[in-house]
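Listing of data.cif; format and content: mmCIF, C-alpha atoms (C1' of nucleotides).
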data_coords
loop_
_atom_site.group_PDB
_atom_site.id
_atom_site.type_symbol
_atom_site.label_atom_id
_atom_site.label_comp_id
_atom_site.auth_asym_id
_atom_site.auth_seq_id
_atom_site.Cartn_x
_atom_site.Cartn_y
_atom_site.Cartn_z
ATOM 1 C CA MET A 150 78.348 131.352 105.253
ATOM 2 C CA THR A 151 79.210 128.037 106.798
ATOM 3 C CA SER A 152 81.550 125.488 105.349
ATOM 4 C CA PRO A 153 79.902 122.504 103.729
ATOM 5 C CA PRO A 154 79.175 119.580 106.038
ATOM 6 C CA ARG A 155 81.367 116.536 106.260
ATOM 7 C CA PRO A 156 80.350 113.925 103.652
ATOM 8 C CA THR A 157 78.987 110.598 104.830
ATOM 9 C CA PRO A 158 80.717 107.420 103.627
ATOM 10 C CA GLY A 159 78.274 107.011 100.759
ATOM 11 C CA GLU A 160 78.639 110.613 99.775
ATOM 12 C CA LEU A 161 82.392 110.327 99.837
ATOM 13 C CA GLU A 162 82.290 107.485 97.335
ATOM 14 C CA ILE A 163 80.337 109.647 94.968
ATOM 15 C CA LEU A 164 82.620 112.614 95.478
ATOM 16 C CA ARG A 165 85.560 110.419 94.594
ATOM 17 C CA VAL A 166 83.928 109.619 91.272
ATOM 18 C CA LEU A 167 83.216 113.280 90.582
ATOM 19 C CA TRP A 168 86.768 114.287 91.485
ATOM 20 C CA GLU A 169 88.126 111.705 89.098
ATOM 21 C CA ARG A 170 85.701 112.072 86.209
ATOM 22 C CA GLY A 171 84.760 115.701 86.521
ATOM 23 C CA PRO A 172 81.122 116.789 86.035
ATOM 24 C CA SER A 173 78.934 113.752 85.421
ATOM 25 C CA THR A 174 75.363 112.619 85.092
ATOM 26 C CA VAL A 175 73.729 110.303 87.587
ATOM 27 C CA ARG A 176 74.104 107.369 85.246
ATOM 28 C CA GLU A 177 77.787 108.065 84.714
ATOM 29 C CA VAL A 178 78.403 108.210 88.433
ATOM 30 C CA GLN A 179 76.430 105.055 89.020
ATOM 31 C CA GLU A 180 78.394 103.119 86.427
ATOM 32 C CA SER A 181 81.717 104.426 87.720
ATOM 33 C CA LEU A 182 81.219 103.244 91.267
ATOM 34 C CA GLY A 183 83.553 100.445 92.263
ATOM 35 C CA PRO A 184 82.111 96.953 92.630
ATOM 36 C CA ALA A 185 82.489 97.229 96.390
ATOM 37 C CA ARG A 186 80.122 100.172 96.369
ATOM 38 C CA ALA A 187 77.674 99.255 93.620
ATOM 39 C CA ALA A 188 74.252 100.858 94.041
ATOM 40 C CA GLY A 189 71.035 101.157 92.090
ATOM 41 C CA TYR A 190 70.380 104.145 89.888
ATOM 42 C CA THR A 191 67.824 105.747 92.168
ATOM 43 C CA THR A 192 70.083 105.293 95.144
ATOM 44 C CA VAL A 193 72.795 107.317 93.477
ATOM 45 C CA LEU A 194 70.270 109.870 92.329
ATOM 46 C CA LYS A 195 68.932 110.276 95.845
ATOM 47 C CA LEU A 196 72.389 110.744 97.288
ATOM 48 C CA LEU A 197 73.224 113.340 94.664
ATOM 49 C CA GLN A 198 69.991 115.192 95.423
ATOM 50 C CA ILE A 199 70.849 115.224 99.110
ATOM 51 C CA MET A 200 74.386 116.317 98.356
ATOM 52 C CA SER A 201 72.975 119.074 96.231
ATOM 53 C CA GLU A 202 70.908 120.320 99.171
ATOM 54 C CA LYS A 203 73.974 120.130 101.383
ATOM 55 C CA ALA A 204 75.961 122.104 98.800
ATOM 56 C CA LEU A 205 78.501 119.329 98.405
ATOM 57 C CA VAL A 206 77.836 119.319 94.667
ATOM 58 C CA THR A 207 76.449 121.693 92.083
ATOM 59 C CA ARG A 208 73.768 120.721 89.597
ATOM 60 C CA ASP A 209 73.456 121.860 86.017
ATOM 61 C CA GLU A 210 69.863 121.324 84.889
ATOM 62 C CA THR A 211 70.356 122.577 81.358
ATOM 63 C CA ALA A 212 70.186 119.162 79.756
ATOM 64 C CA ARG A 213 67.524 116.635 80.556
ATOM 65 C CA ALA A 214 70.105 114.490 82.290
ATOM 66 C CA HIS A 215 71.312 116.831 85.006
ATOM 67 C CA VAL A 216 75.050 117.181 85.353
ATOM 68 C CA TYR A 217 76.541 117.126 88.840
ATOM 69 C CA ALA A 218 79.956 118.438 89.826
ATOM 70 C CA ALA A 219 81.865 118.351 93.095
ATOM 71 C CA ARG A 220 81.696 121.672 94.847
ATOM 72 C CA VAL A 221 84.204 120.843 97.574
ATOM 73 C CA PRO A 222 87.862 120.383 96.595
ATOM 74 C CA GLU A 223 89.340 116.949 97.102
ATOM 75 C CA THR A 224 92.298 118.141 99.145
ATOM 76 C CA GLN A 225 90.196 120.263 101.453
ATOM 77 C CA THR A 226 87.851 117.379 102.121
ATOM 78 C CA GLN A 227 90.710 115.018 102.791
ATOM 79 C CA ARG A 228 92.202 117.427 105.279
ATOM 80 C CA GLN A 229 88.914 117.803 107.036
ATOM 81 C CA LEU A 230 88.556 114.052 107.370
ATOM 82 C CA VAL A 231 92.116 113.679 108.593
ATOM 83 C CA ARG A 232 91.621 116.413 111.140
ATOM 84 C CA ASP A 233 88.470 114.704 112.380
ATOM 85 C CA LEU A 234 90.266 111.421 112.816
ATOM 86 C CA VAL A 235 93.231 113.042 114.523
ATOM 87 C CA ASP A 236 90.898 114.637 117.028
ATOM 88 C CA ARG A 237 88.670 111.629 117.572
ATOM 89 C CA ALA A 238 91.266 108.873 117.777
ATOM 90 C CA PHE A 239 94.657 110.455 118.366
ATOM 91 C CA GLY A 240 93.963 113.163 120.898
ATOM 92 C CA GLY A 241 94.906 115.846 118.422
ATOM 93 C CA SER A 242 98.363 114.505 117.601
ATOM 94 C CA ALA A 243 98.771 114.400 113.845
ATOM 95 C CA ALA A 244 102.205 112.877 114.309
ATOM 96 C CA GLN A 245 100.720 109.896 116.104
ATOM 97 C CA LEU A 246 98.376 109.320 113.199
ATOM 98 C CA VAL A 247 101.286 109.487 110.812
ATOM 99 C CA VAL A 248 103.148 106.902 112.824
ATOM 100 C CA GLN A 249 100.240 104.505 112.693
ATOM 101 C CA ALA A 250 99.674 105.131 109.014
ATOM 102 C CA LEU A 251 103.281 104.353 108.163
ATOM 103 C CA SER A 252 104.018 101.527 110.570
ATOM 104 C CA GLY A 253 100.997 99.689 109.289
ATOM 105 C CA ARG A 254 101.923 99.122 105.711
ATOM 106 C CA ARG A 255 102.523 99.920 102.076
ATOM 107 C CA ALA A 256 104.519 102.990 101.243
ATOM 108 C CA SER A 257 106.859 102.956 98.302
ATOM 109 C CA PRO A 258 110.383 104.400 98.491
ATOM 110 C CA GLU A 259 109.271 107.305 96.338
ATOM 111 C CA GLU A 260 106.437 108.070 98.690
ATOM 112 C CA ILE A 261 108.797 107.960 101.619
ATOM 113 C CA GLU A 262 111.004 110.417 99.813
ATOM 114 C CA ASP A 263 108.024 112.699 99.301
ATOM 115 C CA ILE A 264 107.314 112.616 102.980
ATOM 116 C CA ARG A 265 110.920 113.380 103.854
ATOM 117 C CA ARG A 266 110.856 116.408 101.618
ATOM 118 C CA LEU A 267 107.640 117.524 103.251
ATOM 119 C CA LEU A 268 109.240 117.231 106.675
ATOM 120 C CA ASP A 269 112.130 119.340 105.429
ATOM 121 C CA GLU A 270 109.737 122.015 104.310
ATOM 122 C CA ILE A 271 107.894 122.070 107.585
ATOM 123 C CA GLU A 272 111.063 122.324 109.618
ATOM 124 C CA GLY A 273 112.589 124.815 107.258
ATOM 125 C CA GLY A 274 109.576 127.075 107.490
ATOM 126 C CA LYS A 275 109.801 127.139 111.264
ATOM 127 C CA ARG A 276 113.375 128.284 111.349
ATOM 128 C CA MET B 38 86.799 84.249 115.303
ATOM 129 C CA THR B 39 86.075 87.573 113.777
ATOM 130 C CA SER B 40 87.804 90.788 114.708
ATOM 131 C CA PRO B 41 85.734 93.179 116.776
ATOM 132 C CA PRO B 42 83.683 95.703 114.820
ATOM 133 C CA ARG B 43 84.814 99.243 114.233
ATOM 134 C CA PRO B 44 83.726 101.524 117.094
ATOM 135 C CA THR B 45 81.238 104.284 116.395
ATOM 136 C CA PRO B 46 82.213 107.857 117.314
ATOM 137 C CA GLY B 47 80.477 107.622 120.664
ATOM 138 C CA GLU B 48 82.058 104.290 121.410
ATOM 139 C CA LEU B 49 85.469 105.633 120.513
ATOM 140 C CA GLU B 50 85.142 108.394 123.084
ATOM 141 C CA ILE B 51 84.471 105.823 125.748
ATOM 142 C CA LEU B 52 87.316 103.615 124.620
ATOM 143 C CA ARG B 53 89.635 106.586 124.906
ATOM 144 C CA VAL B 54 88.642 106.984 128.534
ATOM 145 C CA LEU B 55 89.169 103.289 129.222
ATOM 146 C CA TRP B 56 92.549 103.311 127.511
ATOM 147 C CA GLU B 57 93.634 106.238 129.636
ATOM 148 C CA ARG B 58 92.136 105.258 132.989
ATOM 149 C CA GLY B 59 92.211 101.516 132.729
ATOM 150 C CA PRO B 60 89.232 99.453 133.966
ATOM 151 C CA SER B 61 86.489 101.767 135.167
ATOM 152 C CA THR B 62 82.899 101.854 136.334
ATOM 153 C CA VAL B 63 80.154 103.544 134.369
ATOM 154 C CA ARG B 64 80.234 106.546 136.630
ATOM 155 C CA GLU B 65 83.967 106.919 136.330
ATOM 156 C CA VAL B 66 83.736 106.839 132.575
ATOM 157 C CA GLN B 67 80.871 109.280 132.555
ATOM 158 C CA GLU B 68 82.740 111.771 134.707
ATOM 159 C CA SER B 69 85.909 111.433 132.664
ATOM 160 C CA LEU B 70 84.296 112.326 129.370
ATOM 161 C CA GLY B 71 85.449 115.623 127.967
ATOM 162 C CA PRO B 72 83.008 118.542 128.058
ATOM 163 C CA ALA B 73 82.601 118.269 124.317
ATOM 164 C CA ARG B 74 81.229 114.773 124.768
ATOM 165 C CA ALA B 75 79.302 115.037 128.014
ATOM 166 C CA ALA B 76 76.470 112.531 128.317
ATOM 167 C CA GLY B 77 74.017 111.377 130.950
ATOM 168 C CA TYR B 78 74.755 108.396 133.122
ATOM 169 C CA THR B 79 72.313 106.052 131.417
ATOM 170 C CA THR B 80 73.602 107.075 128.032
ATOM 171 C CA VAL B 81 77.092 105.971 128.949
ATOM 172 C CA LEU B 82 75.731 102.820 130.546
ATOM 173 C CA LYS B 83 73.820 101.949 127.405
ATOM 174 C CA LEU B 84 76.861 102.493 125.234
ATOM 175 C CA LEU B 85 78.941 100.271 127.483
ATOM 176 C CA GLN B 86 76.293 97.562 127.399
ATOM 177 C CA ILE B 87 76.253 97.672 123.614
ATOM 178 C CA MET B 88 80.035 97.660 123.500
ATOM 179 C CA SER B 89 79.985 94.668 125.779
ATOM 180 C CA GLU B 90 77.751 92.805 123.333
ATOM 181 C CA LYS B 91 80.057 93.799 120.516
ATOM 182 C CA ALA B 92 83.038 92.548 122.507
ATOM 183 C CA LEU B 93 84.706 95.945 122.426
ATOM 184 C CA VAL B 94 84.933 95.863 126.224
ATOM 185 C CA THR B 95 84.873 93.254 128.951
ATOM 186 C CA ARG B 96 82.651 93.502 132.000
ATOM 187 C CA ASP B 97 83.491 92.421 135.510
ATOM 188 C CA GLU B 98 80.275 91.972 137.457
ATOM 189 C CA THR B 99 81.898 90.995 140.731
ATOM 190 C CA ALA B 100 81.193 94.269 142.454
ATOM 191 C CA ARG B 101 77.834 95.939 142.402
ATOM 192 C CA ALA B 102 79.202 98.676 140.188
ATOM 193 C CA HIS B 103 80.340 96.687 137.174
ATOM 194 C CA VAL B 104 83.838 97.387 135.975
ATOM 195 C CA TYR B 105 84.422 97.767 132.246
ATOM 196 C CA ALA B 106 87.744 97.441 130.484
ATOM 197 C CA ALA B 107 88.775 97.989 126.880
ATOM 198 C CA ARG B 108 89.161 94.702 125.099
ATOM 199 C CA VAL B 109 90.655 96.127 121.923
ATOM 200 C CA PRO B 110 94.157 97.635 122.062
ATOM 201 C CA GLU B 111 94.435 101.329 121.374
ATOM 202 C CA THR B 112 97.069 100.964 118.695
ATOM 203 C CA GLN B 113 95.201 98.267 116.837
ATOM 204 C CA THR B 114 92.039 100.338 116.802
ATOM 205 C CA GLN B 115 93.894 103.396 115.607
ATOM 206 C CA ARG B 116 95.416 101.433 112.767
ATOM 207 C CA GLN B 117 92.056 100.082 111.757
ATOM 208 C CA LEU B 118 90.584 103.570 111.649
ATOM 209 C CA VAL B 119 93.524 104.892 109.675
ATOM 210 C CA ARG B 120 93.257 102.058 107.207
ATOM 211 C CA ASP B 121 89.563 102.770 106.756
ATOM 212 C CA LEU B 122 90.217 106.409 106.044
ATOM 213 C CA VAL B 123 93.066 105.629 103.684
ATOM 214 C CA ASP B 124 90.782 103.364 101.691
ATOM 215 C CA ARG B 125 87.744 105.597 101.758
ATOM 216 C CA ALA B 126 89.338 108.964 101.077
ATOM 217 C CA PHE B 127 92.815 108.395 99.700
ATOM 218 C CA GLY B 128 92.383 105.532 97.286
ATOM 219 C CA GLY B 129 94.577 103.305 99.407
ATOM 220 C CA SER B 130 97.602 105.586 99.515
ATOM 221 C CA ALA B 131 98.785 105.916 103.097
ATOM 222 C CA ALA B 132 101.468 108.325 101.959
ATOM 223 C CA GLN B 133 98.854 110.721 100.617
ATOM 224 C CA LEU B 134 97.123 110.692 103.964
ATOM 225 C CA VAL B 135 100.413 111.443 105.675
ATOM 226 C CA VAL B 136 100.986 114.380 103.400
ATOM 227 C CA GLN B 137 97.596 115.848 104.228
ATOM 228 C CA ALA B 138 98.050 115.201 107.915
ATOM 229 C CA LEU B 139 101.379 117.002 108.011
ATOM 230 C CA SER B 140 100.576 119.882 105.719
ATOM 231 C CA GLY B 141 97.623 120.677 107.937
ATOM 232 C CA ARG B 142 100.024 122.086 110.546
ATOM 233 C CA ARG B 143 100.636 121.225 114.212
ATOM 234 C CA ALA B 144 103.535 118.856 114.591
ATOM 235 C CA SER B 145 106.348 119.697 116.937
ATOM 236 C CA PRO B 146 110.027 119.331 115.984
ATOM 237 C CA GLU B 147 110.282 116.310 118.260
ATOM 238 C CA GLU B 148 107.374 114.673 116.523
ATOM 239 C CA ILE B 149 108.944 115.356 113.189
ATOM 240 C CA GLU B 150 112.093 113.684 114.415
ATOM 241 C CA ASP B 151 110.064 110.676 115.460
ATOM 242 C CA ILE B 152 108.621 110.427 112.010
ATOM 243 C CA ARG B 153 112.035 110.685 110.408
ATOM 244 C CA ARG B 154 113.292 107.823 112.515
ATOM 245 C CA LEU B 155 110.268 105.814 111.534
ATOM 246 C CA LEU B 156 110.966 106.432 107.878
ATOM 247 C CA ASP B 157 114.533 105.262 108.437
ATOM 248 C CA GLU B 158 113.259 102.070 109.988
ATOM 249 C CA ILE B 159 110.870 101.387 107.164
ATOM 250 C CA GLU B 160 113.519 101.904 104.531
ATOM 251 C CA GLY B 161 116.095 99.978 106.510
ATOM 252 C CA GLY B 162 113.799 97.046 106.984
ATOM 253 C CA LYS B 163 113.254 96.724 103.274
ATOM 254 C CA ARG B 164 116.899 96.292 102.531
ATOM 255 C "C1'" DT C 99 50.741 109.731 67.193
ATOM 256 C "C1'" DC C 100 52.062 105.879 69.938
ATOM 257 C "C1'" DG C 101 55.218 102.816 72.214
ATOM 258 C "C1'" DT C 102 59.607 102.388 74.387
ATOM 259 C "C1'" DG C 103 63.219 103.841 77.045
ATOM 260 C "C1'" DT C 104 65.434 107.393 80.107
ATOM 261 C "C1'" DC C 105 65.128 110.538 83.650
ATOM 262 C "C1'" DA C 106 63.983 113.318 88.078
ATOM 263 C "C1'" DA C 107 61.077 113.559 92.078
ATOM 264 C "C1'" DC C 108 59.113 111.724 96.041
ATOM 265 C "C1'" DG C 109 58.398 108.997 99.792
ATOM 266 C "C1'" DA C 110 58.662 104.739 102.364
ATOM 267 C "C1'" DA C 111 61.341 101.354 104.633
ATOM 268 C "C1'" DA C 112 65.456 99.398 106.796
ATOM 269 C "C1'" DT C 113 69.338 100.049 109.536
ATOM 270 C "C1'" DA C 114 72.526 102.368 112.643
ATOM 271 C "C1'" DC C 115 73.522 105.474 116.255
ATOM 272 C "C1'" DT C 116 72.471 108.253 120.220
ATOM 273 C "C1'" DT C 117 69.972 109.681 124.096
ATOM 274 C "C1'" DC C 118 67.411 109.196 128.035
ATOM 275 C "C1'" DG C 119 63.061 108.019 130.964
ATOM 276 C "C1'" DT C 120 61.344 104.552 133.854
ATOM 277 C "C1'" DA C 121 61.500 100.537 136.628
ATOM 278 C "C1'" DC C 122 63.481 97.824 139.841
ATOM 279 C "C1'" DA C 123 67.351 95.782 142.772
ATOM 280 C "C1'" DA C 124 71.235 96.292 145.977
ATOM 281 C "C1'" DT C 125 73.369 98.875 149.515
ATOM 282 C "C1'" DC C 126 74.203 102.382 153.035
ATOM 283 C "C1'" DG C 127 73.299 105.380 157.074
ATOM 284 C "C1'" DC C 128 70.612 105.888 160.860
ATOM 285 C "C1'" DG D 158 63.984 98.073 159.583
ATOM 286 C "C1'" DC D 159 63.508 101.985 156.448
ATOM 287 C "C1'" DG D 160 64.239 105.747 153.540
ATOM 288 C "C1'" DA D 161 67.728 107.667 150.519
ATOM 289 C "C1'" DT D 162 71.215 106.679 147.367
ATOM 290 C "C1'" DT D 163 73.462 104.255 143.721
ATOM 291 C "C1'" DG D 164 73.427 100.919 140.459
ATOM 292 C "C1'" DT D 165 71.706 97.891 136.253
ATOM 293 C "C1'" DA D 166 68.206 96.626 132.818
ATOM 294 C "C1'" DC D 167 64.934 97.654 129.439
ATOM 295 C "C1'" DG D 168 62.795 99.948 126.019
ATOM 296 C "C1'" DA D 169 61.302 103.853 123.428
ATOM 297 C "C1'" DA D 170 62.132 107.892 120.803
ATOM 298 C "C1'" DG D 171 64.833 110.918 117.753
ATOM 299 C "C1'" DT D 172 68.105 111.530 114.209
ATOM 300 C "C1'" DA D 173 71.082 110.117 110.393
ATOM 301 C "C1'" DT D 174 72.068 107.262 106.619
ATOM 302 C "C1'" DT D 175 71.166 104.159 102.973
ATOM 303 C "C1'" DT D 176 68.356 101.879 99.765
ATOM 304 C "C1'" DC D 177 64.995 101.450 96.418
ATOM 305 C "C1'" DG D 178 59.991 101.239 94.459
ATOM 306 C "C1'" DT D 179 56.761 103.969 92.153
ATOM 307 C "C1'" DT D 180 55.175 107.743 89.555
ATOM 308 C "C1'" DG D 181 54.956 110.967 86.050
ATOM 309 C "C1'" DA D 182 57.597 113.874 82.660
ATOM 310 C "C1'" DC D 183 60.144 113.848 78.519
ATOM 311 C "C1'" DA D 184 62.214 112.423 74.099
ATOM 312 C "C1'" DC D 185 63.071 109.639 70.236
ATOM 313 C "C1'" DG D 186 61.929 106.795 66.377
ATOM 314 C "C1'" DA D 187 58.579 103.887 63.729
#

I'd like the structure from this file rewritten - as C-alpha cells, please.
Amino acid sequence: MTSPPRPTPGELEILRVLWERGPSTVREVQESLGPARAAGYTTVLKLLQIMSEKALVTRDETARAHVYAARVPETQTQRQLVRDLVDRAFGGSAAQLVVQALSGRRASPEEIEDIRRLLDEIEGGKR
Amino acid sequence: MTSPPRPTPGELEILRVLWERGPSTVREVQESLGPARAAGYTTVLKLLQIMSEKALVTRDETARAHVYAARVPETQTQRQLVRDLVDRAFGGSAAQLVVQALSGRRASPEEIEDIRRLLDEIEGGKR
DNA sequence: TCGTGTCAACGAAATACTTCGTACAATCGC
DNA sequence: GCGATTGTACGAAGTATTTCGTTGACACGA
C-alpha cells in the first residue's frame, strides 16, 4: 500500500474546501472556491474524479449528487508539502525554511509565542 | 519591470547548482547535479536556454562554452516559494507552516537557537 | 407524460514541463 | 588540413495538469 500522491495545485484548492466544509457535493465545492480559483462545474467535477482515482478523496454515490470527502488529513498533507519544499529549495534544512518564512512577514505575537513553545518542546524532548 | 517567474522543479535544481558553484558552463552544471536529478547534457542545456529566456539566468557568450549565472538571488527565490506554499496550503499563516516544518523533526539545537534569536528580533522590531 | 433543470461521464483541447535526438559549428591534436 | 571532440541550436515527443463542451441519465413538477 503506497501513500497517496502529492496533490497538484488545483487539487490542493479542492482539498482545502473539503477540509473546511467536510463532505461535499461537486456543486458545493465549486461554489466554495475562492474567487482567485473560480472554475466551471465540470472542471471541478473532473478534478474530483481524478482525485478519486488517486485516492485523495472518497466518493459516496448513494445520492444522485455524489458526496466527496477528503481522504488525506490536512496536517499530513501540509507536512508532506513542507518536506518537499525543504528538500527542493533548502537543501534539507527545515530551520532555513523557518527563517525565510518568519523574516519575510506577518506573524502575530501570539503565533510567535506558539512557535517558542514548540521550540521548548523540541528541545525538551531531546534532553 | 516584472519580477522573474517562479522556477519549475527542474529549474530550481539548476539554480541550486549555480548558487553553489557560481557562474558555470552547461557541462559543469550537468556534472554537478545530484544523482537524484541526473539529466543528459542537452536536457540541461535546454533548461538553461529556457531559463535564459525567462531571465532566471544570465548568459555570457564570450567563450565558446557559454557561461550561465543565476540572476535571481537564492534568498529571494526561497522566500517566494515559501510565500506560495503558505498561501496555497496554509491559508496565509506563515506560523502554521513553521509549526509543521518544526514538528516534522530534524532541526539541530544550533538551528533552534537561530530561530529563537530570529523571534527575538521580530518581536523587538515591533516595539 | 413531457419539459426543464441537475448531474455524472467522457473525451478533446490547451498549456506547461521535461527529455532527448539530430544537425551543424567551432576547436583541438596531429 | 582533417578527423575527433565539444559545444549550441532546434525541434519533436512524452507526460502532467487544467479546462470545458457535449452527451445521456435522472428527477421533479405541471

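Evaluating the PyMOL selection byres ((chain A and resi 231) around 8) against the shown model yields Gln227, Arg228, Gln229, Leu230, Arg232, Asp233, Leu234 and Val235 of chain A; Leu122, Leu134, Gln137 and Ala138 of chain B.
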
Create the file for the chosen residues now, containing C-alpha atoms and written as a PDB file, keeping the file's coordinate frame.
ATOM      1  CA  GLN A 227      90.710 115.018 102.791  1.00  0.00           C
ATOM      2  CA  ARG A 228      92.202 117.427 105.279  1.00  0.00           C
ATOM      3  CA  GLN A 229      88.914 117.803 107.036  1.00  0.00           C
ATOM      4  CA  LEU A 230      88.556 114.052 107.370  1.00  0.00           C
ATOM      5  CA  ARG A 232      91.621 116.413 111.140  1.00  0.00           C
ATOM      6  CA  ASP A 233      88.470 114.704 112.380  1.00  0.00           C
ATOM      7  CA  LEU A 234      90.266 111.421 112.816  1.00  0.00           C
ATOM      8  CA  VAL A 235      93.231 113.042 114.523  1.00  0.00           C
TER       9      VAL A 235
ATOM     10  CA  LEU B 122      90.217 106.409 106.044  1.00  0.00           C
ATOM     11  CA  LEU B 134      97.123 110.692 103.964  1.00  0.00           C
ATOM     12  CA  GLN B 137      97.596 115.848 104.228  1.00  0.00           C
ATOM     13  CA  ALA B 138      98.050 115.201 107.915  1.00  0.00           C
TER      14      ALA B 138
END

*Show me which bits of chain C are within 10 Å of chain A, counting all atoms listed in the file, as a ChimeraX atom specification.*
/C:104-108

I'd like the neighbourhood of D:DC167 as a PyMOL selection string, where a residue qualifies if any of its atoms comes within 10 Å (using only C-alpha atoms (C1' of nucleotides)), though same-chain residues fewer than 2 positions away should be ignored.
(chain C and resi 120-121) or (chain D and resi 165+169)

Running the PyMOL selection byres ((chain A) within 7 of (chain B)) on this model by hand, what would come out? Give it as a CSV table (one decimal) with C-alpha atoms, keeping the file's coordinate frame.
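Result file expr21.csv:
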chain,number,residue,atom,x,y,z
A,227,GLN,CA,90.7,115.0,102.8
A,228,ARG,CA,92.2,117.4,105.3
A,231,VAL,CA,92.1,113.7,108.6
A,238,ALA,CA,91.3,108.9,117.8
A,243,ALA,CA,98.8,114.4,113.8
A,244,ALA,CA,102.2,112.9,114.3
A,247,VAL,CA,101.3,109.5,110.8
A,248,VAL,CA,103.1,106.9,112.8
A,249,GLN,CA,100.2,104.5,112.7
A,250,ALA,CA,99.7,105.1,109.0
A,251,LEU,CA,103.3,104.4,108.2
A,253,GLY,CA,101.0,99.7,109.3
A,256,ALA,CA,104.5,103.0,101.2
A,260,GLU,CA,106.4,108.1,98.7
A,261,ILE,CA,108.8,108.0,101.6
A,264,ILE,CA,107.3,112.6,103.0
A,268,LEU,CA,109.2,117.2,106.7

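Using only C-alpha atoms (C1' of nucleotides), the smallest distance between any of A:Ala204, A:Ala212, A:Ala185, A:Val166 and chain D comes from A:Ala212.
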
Kindly complete stretch 145-164 of chain B to N, CA and C atoms; the output should be written as a PDB file, in the frame of the given file.
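Resulting contents of result.pdb:
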ATOM      1  N   SER B 145     105.177 119.095 116.308  1.00  0.00           N
ATOM      2  CA  SER B 145     106.348 119.697 116.937  1.00  0.00           C
ATOM      3  C   SER B 145     107.628 119.124 116.334  1.00  0.00           C
ATOM      4  N   PRO B 146     108.738 119.813 116.496  1.00  0.00           N
ATOM      5  CA  PRO B 146     110.027 119.331 115.984  1.00  0.00           C
ATOM      6  C   PRO B 146     110.333 117.923 116.496  1.00  0.00           C
ATOM      7  N   GLU B 147     109.991 117.660 117.743  1.00  0.00           N
ATOM      8  CA  GLU B 147     110.282 116.310 118.260  1.00  0.00           C
ATOM      9  C   GLU B 147     109.469 115.273 117.495  1.00  0.00           C
ATOM     10  N   GLU B 148     108.222 115.606 117.256  1.00  0.00           N
ATOM     11  CA  GLU B 148     107.374 114.673 116.523  1.00  0.00           C
ATOM     12  C   GLU B 148     107.926 114.429 115.128  1.00  0.00           C
ATOM     13  N   ILE B 149     108.392 115.498 114.532  1.00  0.00           N
ATOM     14  CA  ILE B 149     108.944 115.356 113.189  1.00  0.00           C
ATOM     15  C   ILE B 149     110.169 114.439 113.220  1.00  0.00           C
ATOM     16  N   GLU B 150     110.942 114.572 114.271  1.00  0.00           N
ATOM     17  CA  GLU B 150     112.093 113.684 114.415  1.00  0.00           C
ATOM     18  C   GLU B 150     111.649 112.225 114.540  1.00  0.00           C
ATOM     19  N   ASP B 151     110.602 112.036 115.313  1.00  0.00           N
ATOM     20  CA  ASP B 151     110.064 110.676 115.460  1.00  0.00           C
ATOM     21  C   ASP B 151     109.708 110.101 114.096  1.00  0.00           C
ATOM     22  N   ILE B 152     109.067 110.914 113.310  1.00  0.00           N
ATOM     23  CA  ILE B 152     108.621 110.427 112.010  1.00  0.00           C
ATOM     24  C   ILE B 152     109.829 110.114 111.120  1.00  0.00           C
ATOM     25  N   ARG B 153     110.822 110.952 111.194  1.00  0.00           N
ATOM     26  CA  ARG B 153     112.035 110.685 110.408  1.00  0.00           C
ATOM     27  C   ARG B 153     112.630 109.329 110.783  1.00  0.00           C
ATOM     28  N   ARG B 154     112.724 109.098 112.069  1.00  0.00           N
ATOM     29  CA  ARG B 154     113.292 107.823 112.515  1.00  0.00           C
ATOM     30  C   ARG B 154     112.454 106.657 111.991  1.00  0.00           C
ATOM     31  N   LEU B 155     111.151 106.874 112.024  1.00  0.00           N
ATOM     32  CA  LEU B 155     110.268 105.814 111.534  1.00  0.00           C
ATOM     33  C   LEU B 155     110.511 105.540 110.060  1.00  0.00           C
ATOM     34  N   LEU B 156     110.693 106.599 109.307  1.00  0.00           N
ATOM     35  CA  LEU B 156     110.966 106.432 107.878  1.00  0.00           C
ATOM     36  C   LEU B 156     112.275 105.661 107.691  1.00  0.00           C
ATOM     37  N   ASP B 157     113.271 105.981 108.521  1.00  0.00           N
ATOM     38  CA  ASP B 157     114.533 105.262 108.437  1.00  0.00           C
ATOM     39  C   ASP B 157     114.309 103.770 108.655  1.00  0.00           C
ATOM     40  N   GLU B 158     113.523 103.480 109.680  1.00  0.00           N
ATOM     41  CA  GLU B 158     113.259 102.070 109.988  1.00  0.00           C
ATOM     42  C   GLU B 158     112.588 101.359 108.824  1.00  0.00           C
ATOM     43  N   ILE B 159     111.601 102.010 108.267  1.00  0.00           N
ATOM     44  CA  ILE B 159     110.870 101.387 107.164  1.00  0.00           C
ATOM     45  C   ILE B 159     111.813 101.111 106.000  1.00  0.00           C
ATOM     46  N   GLU B 160     112.587 102.097 105.645  1.00  0.00           N
ATOM     47  CA  GLU B 160     113.519 101.904 104.531  1.00  0.00           C
ATOM     48  C   GLU B 160     114.575 100.859 104.873  1.00  0.00           C
ATOM     49  N   GLY B 161     115.077 100.947 106.098  1.00  0.00           N
ATOM     50  CA  GLY B 161     116.095  99.978 106.510  1.00  0.00           C
ATOM     51  C   GLY B 161     115.579  98.560 106.474  1.00  0.00           C
ATOM     52  N   GLY B 162     114.369  98.389 106.932  1.00  0.00           N
ATOM     53  CA  GLY B 162     113.799  97.046 106.984  1.00  0.00           C
ATOM     54  C   GLY B 162     113.623  96.419 105.620  1.00  0.00           C
ATOM     55  N   LYS B 163     113.490  97.261 104.614  1.00  0.00           N
ATOM     56  CA  LYS B 163     113.254  96.724 103.274  1.00  0.00           C
ATOM     57  C   LYS B 163     114.526  96.194 102.627  1.00  0.00           C
ATOM     58  N   ARG B 164     115.647  96.619 103.190  1.00  0.00           N
ATOM     59  CA  ARG B 164     116.899  96.292 102.531  1.00  0.00           C
ATOM     60  C   ARG B 164     117.259  94.825 102.688  1.00  0.00           C
TER      61      ARG B 164
END
